[in-house]
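For reference, query-v2.pdb is printed below; it contains PDB, C-alpha atoms.
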MODEL        1
ATOM      1  CA  ALA A  10     152.284 103.341 131.460
ATOM      2  CA  LEU A  11     153.507 103.053 135.046
ATOM      3  CA  THR A  12     156.749 101.357 134.065
ATOM      4  CA  THR A  13     157.339 103.716 131.139
ATOM      5  CA  GLY A  14     156.818 106.709 133.427
ATOM      6  CA  GLY A  15     159.475 105.465 135.807
ATOM      7  CA  PHE A  16     157.102 104.631 138.678
ATOM      8  CA  HIS A  17     158.068 101.817 140.997
ATOM      9  CA  LEU A  18     155.086 100.370 142.801
ATOM     10  CA  GLY A  19     155.240  98.848 146.235
ATOM     11  CA  ALA A  20     153.017  96.009 147.404
ATOM     12  CA  GLY A  21     150.443  98.433 148.820
ATOM     13  CA  GLN A  22     150.197 100.348 145.571
ATOM     14  CA  VAL A  23     149.788  97.138 143.560
ATOM     15  CA  ALA A  24     147.037  96.050 145.979
ATOM     16  CA  LEU A  25     145.343  99.434 145.559
ATOM     17  CA  LEU A  26     145.567  99.125 141.768
ATOM     18  CA  ILE A  27     143.894  95.701 141.894
ATOM     19  CA  ALA A  28     141.265  97.012 144.329
ATOM     20  CA  ALA A  29     140.558  99.941 142.003
ATOM     21  CA  MET A  30     140.040  97.564 139.084
ATOM     22  CA  LEU A  31     137.677  95.398 141.116
ATOM     23  CA  GLY A  32     135.844  98.486 142.384
ATOM     24  CA  GLY A  33     135.517  99.707 138.792
ATOM     25  CA  ALA A  34     134.116  96.342 137.698
ATOM     26  CA  CYS A  35     131.548  96.513 140.513
ATOM     27  CA  LEU A  36     130.690 100.095 139.589
ATOM     28  CA  PHE A  37     130.017  99.262 135.950
ATOM     29  CA  ALA A  38     128.093  96.126 136.918
ATOM     30  CA  GLY A  39     125.949  98.389 139.093
ATOM     31  CA  LEU A  40     125.410 100.764 136.184
ATOM     32  CA  PHE A  41     124.194  97.865 134.037
ATOM     33  CA  VAL A  42     121.859  96.735 136.834
ATOM     34  CA  ILE A  43     120.477 100.281 137.111
ATOM     35  CA  GLY A  44     120.026 100.339 133.331
ATOM     36  CA  GLY A  45     118.003  97.135 133.563
ATOM     37  CA  THR A  46     116.000  98.533 136.447
ATOM     38  CA  LEU A  47     115.163 101.692 134.522
ATOM     39  CA  SER A  48     113.696  99.540 131.773
ATOM     40  CA  PHE A  49     110.846  98.714 134.157
ATOM     41  CA  TRP A  50     109.697 102.323 133.975
ATOM     42  CA  THR A  51     111.143 103.890 130.814
ATOM     43  CA  VAL A  52     111.440 103.065 127.147
ATOM     44  CA  GLU A  53     114.632 104.997 126.399
ATOM     45  CA  THR A  54     116.895 103.321 128.936
ATOM     46  CA  LEU A  55     119.848 102.872 126.595
ATOM     47  CA  GLU A  56     120.232 106.574 125.910
ATOM     48  CA  ILE A  57     119.981 107.486 129.577
ATOM     49  CA  MET A  58     122.619 104.968 130.619
ATOM     50  CA  ALA A  59     124.943 105.745 127.698
ATOM     51  CA  THR A  60     125.373 109.282 129.002
ATOM     52  CA  VAL A  61     126.674 107.923 132.306
ATOM     53  CA  THR A  62     128.654 104.895 131.120
ATOM     54  CA  TYR A  63     130.293 106.193 127.953
ATOM     55  CA  GLY A  64     130.308 109.780 129.200
ATOM     56  CA  GLY A  65     131.879 108.639 132.456
ATOM     57  CA  VAL A  66     134.575 106.694 130.641
ATOM     58  CA  GLU A  67     135.394 109.777 128.580
ATOM     59  CA  ALA A  68     135.368 112.006 131.666
ATOM     60  CA  THR A  69     137.800 109.781 133.559
ATOM     61  CA  GLN A  70     140.436 110.153 130.864
ATOM     62  CA  PHE A  71     141.279 113.542 132.355
ATOM     63  CA  PRO A  72     142.117 114.603 135.922
ATOM     64  CA  LEU A  73     138.918 115.186 137.848
ATOM     65  CA  SER A  74     140.281 118.493 139.127
ATOM     66  CA  ILE A  75     139.770 120.158 135.701
ATOM     67  CA  TYR A  76     135.975 119.850 135.929
ATOM     68  CA  ARG A  77     133.482 122.131 137.613
ATOM     69  CA  PRO A  78     132.582 121.327 141.241
ATOM     70  CA  TRP A  79     129.047 120.050 140.438
ATOM     71  CA  PHE A  80     130.497 117.631 137.864
ATOM     72  CA  ARG A  81     133.149 116.396 140.307
ATOM     73  CA  SER A  82     130.493 115.907 142.970
ATOM     74  CA  PHE A  83     128.255 113.947 140.603
ATOM     75  CA  PHE A  84     131.067 111.566 139.611
ATOM     76  CA  THR A  85     132.253 111.245 143.208
ATOM     77  CA  PHE A  86     129.028 110.857 145.199
ATOM     78  CA  VAL A  87     126.236 109.883 142.765
ATOM     79  CA  VAL A  88     128.114 107.695 140.275
ATOM     80  CA  PRO A  89     131.414 107.161 142.114
ATOM     81  CA  LEU A  90     133.729 106.954 139.102
ATOM     82  CA  ALA A  91     136.227 109.219 140.862
ATOM     83  CA  CYS A  92     136.355 106.750 143.741
ATOM     84  CA  VAL A  93     137.435 103.861 141.549
ATOM     85  CA  ASN A  94     139.582 105.883 139.171
ATOM     86  CA  PHE A  95     140.924 109.285 140.174
ATOM     87  CA  LEU A  96     141.366 108.890 143.930
ATOM     88  CA  PRO A  97     143.267 105.572 143.762
ATOM     89  CA  ALA A  98     145.358 106.856 140.832
ATOM     90  CA  GLN A  99     146.490 109.897 142.791
ATOM     91  CA  ALA A 100     147.533 107.645 145.687
ATOM     92  CA  ILE A 101     149.381 105.255 143.365
ATOM     93  CA  LEU A 102     151.176 108.144 141.680
ATOM     94  CA  GLY A 103     151.936 109.896 144.970
ATOM     95  CA  LEU A 104     149.736 112.927 144.262
ATOM     96  CA  GLU A 105     147.723 112.690 147.468
ATOM     97  CA  GLY A 106     145.291 115.385 148.474
ATOM     98  CA  GLN A 107     144.689 117.104 145.135
ATOM     99  CA  MET A 108     140.919 117.042 145.670
ATOM    100  CA  GLY A 109     141.157 118.224 149.269
ATOM    101  CA  ALA A 110     140.437 114.785 150.737
ATOM    102  CA  PRO A 111     142.701 113.174 153.331
ATOM    103  CA  SER A 112     145.168 110.662 151.877
ATOM    104  CA  TRP A 113     143.496 107.666 153.531
ATOM    105  CA  VAL A 114     140.329 108.300 151.486
ATOM    106  CA  SER A 115     142.188 107.286 148.320
ATOM    107  CA  TRP A 116     142.945 103.908 149.865
ATOM    108  CA  LEU A 117     139.312 103.221 150.810
ATOM    109  CA  ALA A 118     137.752 104.770 147.706
ATOM    110  CA  PRO A 119     137.503 101.543 145.615
ATOM    111  CA  LEU A 120     135.001 100.246 148.169
ATOM    112  CA  ALA A 121     132.586 102.847 146.772
ATOM    113  CA  GLY A 122     132.255 100.666 143.648
ATOM    114  CA  VAL A 123     131.194  97.697 145.765
ATOM    115  CA  ALA A 124     128.772  99.861 147.777
ATOM    116  CA  PHE A 125     127.335 101.246 144.534
ATOM    117  CA  LEU A 126     126.714  97.717 143.222
ATOM    118  CA  VAL A 127     124.986  96.725 146.477
ATOM    119  CA  LEU A 128     122.781  99.828 146.273
ATOM    120  CA  CYS A 129     121.929  99.107 142.623
ATOM    121  CA  LEU A 130     120.963  95.526 143.466
ATOM    122  CA  ARG A 131     118.619  96.812 146.159
ATOM    123  CA  ILE A 132     117.042  99.221 143.693
ATOM    124  CA  TRP A 133     116.676  96.296 141.275
ATOM    125  CA  ARG A 134     114.754  94.359 143.940
ATOM    126  CA  ILE A 135     112.425  97.332 144.398
ATOM    127  CA  GLY A 136     111.871  97.416 140.630
ATOM    128  CA  VAL A 137     111.106  93.699 140.472
ATOM    129  CA  ARG A 138     108.765  93.955 143.437
ATOM    130  CA  HIS A 139     106.778  96.803 141.839
ATOM    131  CA  TYR A 140     106.839  95.568 138.258
ATOM    132  CA  SER A 141     103.505  94.966 136.565
ATOM    133  CA  SER A 142     103.284  93.488 133.102
ATOM    134  CA  THR A 143     101.441  95.154 130.250
ATOM    135  CA  GLY A 144      99.513  91.917 129.784
ATOM    136  CA  SER A 145     100.621  91.380 126.215
TER     137      SER A 145
ENDMDL
END
Write out the structure in this file as structure tokens.
Amino acid sequence: ALTTGGFHLGAGQVALLIAAMLGGACLFAGLFVIGGTLSFWTVETLEIMATVTYGGVEATQFPLSIYRPWFRSFFTFVVPLACVNFLPAQAILGLEGQMGAPSWVSWLAPLAGVAFLVLCLRIWRIGVRHYSSTGS
């Protein structure tokens, strides 16, 4: 899509694209870890996680700026899909600052996926520590 659209990427933009992919992989790994953690306490884990994973994938097919502020905040700060998708994409495409953030934020945003995975792994440890079997 980038080559068809006439975009010519520099080394920094290619590095950001790779970082965004790695951040996205970490983000989704974290979502799967959270899904596993929720299974310690709930029975309907799949439905809960499907709303975030599949719903998030659908939501990221459009510019984040079209959504309501609460929705943008959720997918930026709670489940940081915007940090591994929208923010790097606007930097790669040269559309910096559309969400009101400084341009440097787009370059650091993929790290949110790694931070999310680390947080999810810590929550997993809490779940394992407090797990008690049903005895069956």
What separates atom CA of Ala29 of chain A and atom CA of Ala100 of chain A is a distance of 11.0 Å
For the structure shown, which residues end up in the PyMOL selection byres ((chain A and resi 11) around 12)? Put them as a JSON list (two decimals) with C-alpha atoms, in the coordinates of the input, please?
[["chain", "number", "residue", "atom", "x", "y", "z"],
["A", 10, "ALA", "CA", 152.28, 103.34, 131.46],
["A", 12, "THR", "CA", 156.75, 101.36, 134.06],
["A", 13, "THR", "CA", 157.34, 103.72, 131.14],
["A", 14, "GLY", "CA", 156.82, 106.71, 133.43],
["A", 15, "GLY", "CA", 159.48, 105.46, 135.81],
["A", 16, "PHE", "CA", 157.10, 104.63, 138.68],
["A", 17, "HIS", "CA", 158.07, 101.82, 141.00],
["A", 18, "LEU", "CA", 155.09, 100.37, 142.80],
["A", 22, "GLN", "CA", 150.20, 100.35, 145.57],
["A", 23, "VAL", "CA", 149.79, 97.14, 143.56],
["A", 26, "LEU", "CA", 145.57, 99.12, 141.77],
["A", 98, "ALA", "CA", 145.36, 106.86, 140.83],
["A", 101, "ILE", "CA", 149.38, 105.26, 143.36],
["A", 102, "LEU", "CA", 151.18, 108.14, 141.68]]
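Take the candidates A:Phe37, A:Phe49, A:Phe95, A:Tyr63 and check each one against Ala118 of chain A using all atoms listed in the file; the shortest distance goes to A:Phe95.
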Contacts of Leu55 of chain A at 10 Å (only C-alpha atoms; same-chain gap of 4+ positions) as a PyMOL selection string: chain A and resi 41+44-45+47-48+51+59-60
Which residue, A:Pro72, A:Gly39, A:Gly65, A:Pro89, has the smallest gap to Trp133 of chain A when you use all atoms listed in the file? A:Gly39
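With only C-alpha atoms as the atoms that count, the minimum distance from Trp113 of chain A to the choices A:Ala68, A:Leu25, A:Val137, A:Ile75 is reached by A:Leu25.
With only C-alpha atoms taken into account, the protein and nucleic acid residues at most 8 Å from Ile43 of chain A (excluding it and anything under 5 positions from it in its own chain) are Cys129, Leu130, Ile132 and Trp133 of chain A.
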Residues within 10 Å of (141.6, 108.5, 146.6), counting only C-alpha atoms, listed as a PyMOL selection string: chain A and resi 25+29+91-101+104-108+110-119
If you apply the PyMOL selection byres ((chain A and resi 35) around 8) to this file, what residues do you get, as a ChimeraX atom specification? /A:31-34,36-39,122-123,125-126
Can you sort out the box for segment 134-138 of chain A, edges along x, y and z, all listed atoms in, 6 Å on every side, with centre and edge lengths in Å to one decimal, as lines of an AutoDock Vina configuration file?
center_x = 111.8
center_y = 95.6
center_z = 142.4
size_x = 18.0
size_y = 15.7
size_z = 15.9
Atoms added to segment 13-27 of chain A (N, CA, C and O atoms), reported as a short mmCIF file (atom, residue, chain, number, x, y, z; two decimals), keeping the file's coordinate frame:
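Below is the file rebuild_15.cif, written as the result:
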data_model
loop_
_atom_site.label_atom_id
_atom_site.label_comp_id
_atom_site.auth_asym_id
_atom_site.auth_seq_id
_atom_site.Cartn_x
_atom_site.Cartn_y
_atom_site.Cartn_z
N THR A 13 156.76 102.76 132.08
CA THR A 13 157.34 103.72 131.14
C THR A 13 157.57 105.06 131.82
O THR A 13 158.55 105.74 131.54
N GLY A 14 156.69 105.44 132.72
CA GLY A 14 156.82 106.71 133.43
C GLY A 14 157.84 106.69 134.54
O GLY A 14 158.06 107.69 135.20
N GLY A 15 158.45 105.54 134.79
CA GLY A 15 159.48 105.46 135.81
C GLY A 15 158.94 105.26 137.22
O GLY A 15 159.66 105.47 138.18
N PHE A 16 157.68 104.87 137.36
CA PHE A 16 157.10 104.63 138.68
C PHE A 16 157.45 103.23 139.14
O PHE A 16 157.42 102.28 138.37
N HIS A 17 157.78 103.11 140.40
CA HIS A 17 158.07 101.82 141.00
C HIS A 17 157.02 101.60 142.09
O HIS A 17 156.98 102.34 143.07
N LEU A 18 156.19 100.61 141.88
CA LEU A 18 155.09 100.37 142.80
C LEU A 18 155.48 99.40 143.90
O LEU A 18 156.10 98.38 143.63
N GLY A 19 155.07 99.75 145.11
CA GLY A 19 155.24 98.85 146.24
C GLY A 19 154.05 97.90 146.31
O GLY A 19 153.10 98.00 145.53
N ALA A 20 154.09 97.00 147.25
CA ALA A 20 153.02 96.01 147.40
C ALA A 20 151.68 96.68 147.69
O ALA A 20 150.64 96.27 147.16
N GLY A 21 151.69 97.72 148.51
CA GLY A 21 150.44 98.43 148.82
C GLY A 21 149.84 99.10 147.60
O GLY A 21 148.62 99.09 147.40
N GLN A 22 150.68 99.68 146.77
CA GLN A 22 150.20 100.35 145.57
C GLN A 22 149.65 99.34 144.56
O GLN A 22 148.65 99.61 143.90
N VAL A 23 150.30 98.19 144.45
CA VAL A 23 149.79 97.14 143.56
C VAL A 23 148.43 96.65 144.07
O VAL A 23 147.49 96.44 143.29
N ALA A 24 148.31 96.47 145.38
CA ALA A 24 147.04 96.05 145.98
C ALA A 24 145.95 97.09 145.71
O ALA A 24 144.81 96.74 145.40
N LEU A 25 146.30 98.37 145.83
CA LEU A 25 145.34 99.43 145.56
C LEU A 25 144.94 99.43 144.09
O LEU A 25 143.77 99.64 143.76
N LEU A 26 145.87 99.19 143.19
CA LEU A 26 145.57 99.12 141.77
C LEU A 26 144.58 98.00 141.47
O LEU A 26 143.60 98.19 140.75
N ILE A 27 144.80 96.84 142.07
CA ILE A 27 143.89 95.70 141.89
C ILE A 27 142.53 96.02 142.50
O ILE A 27 141.49 95.74 141.90
#
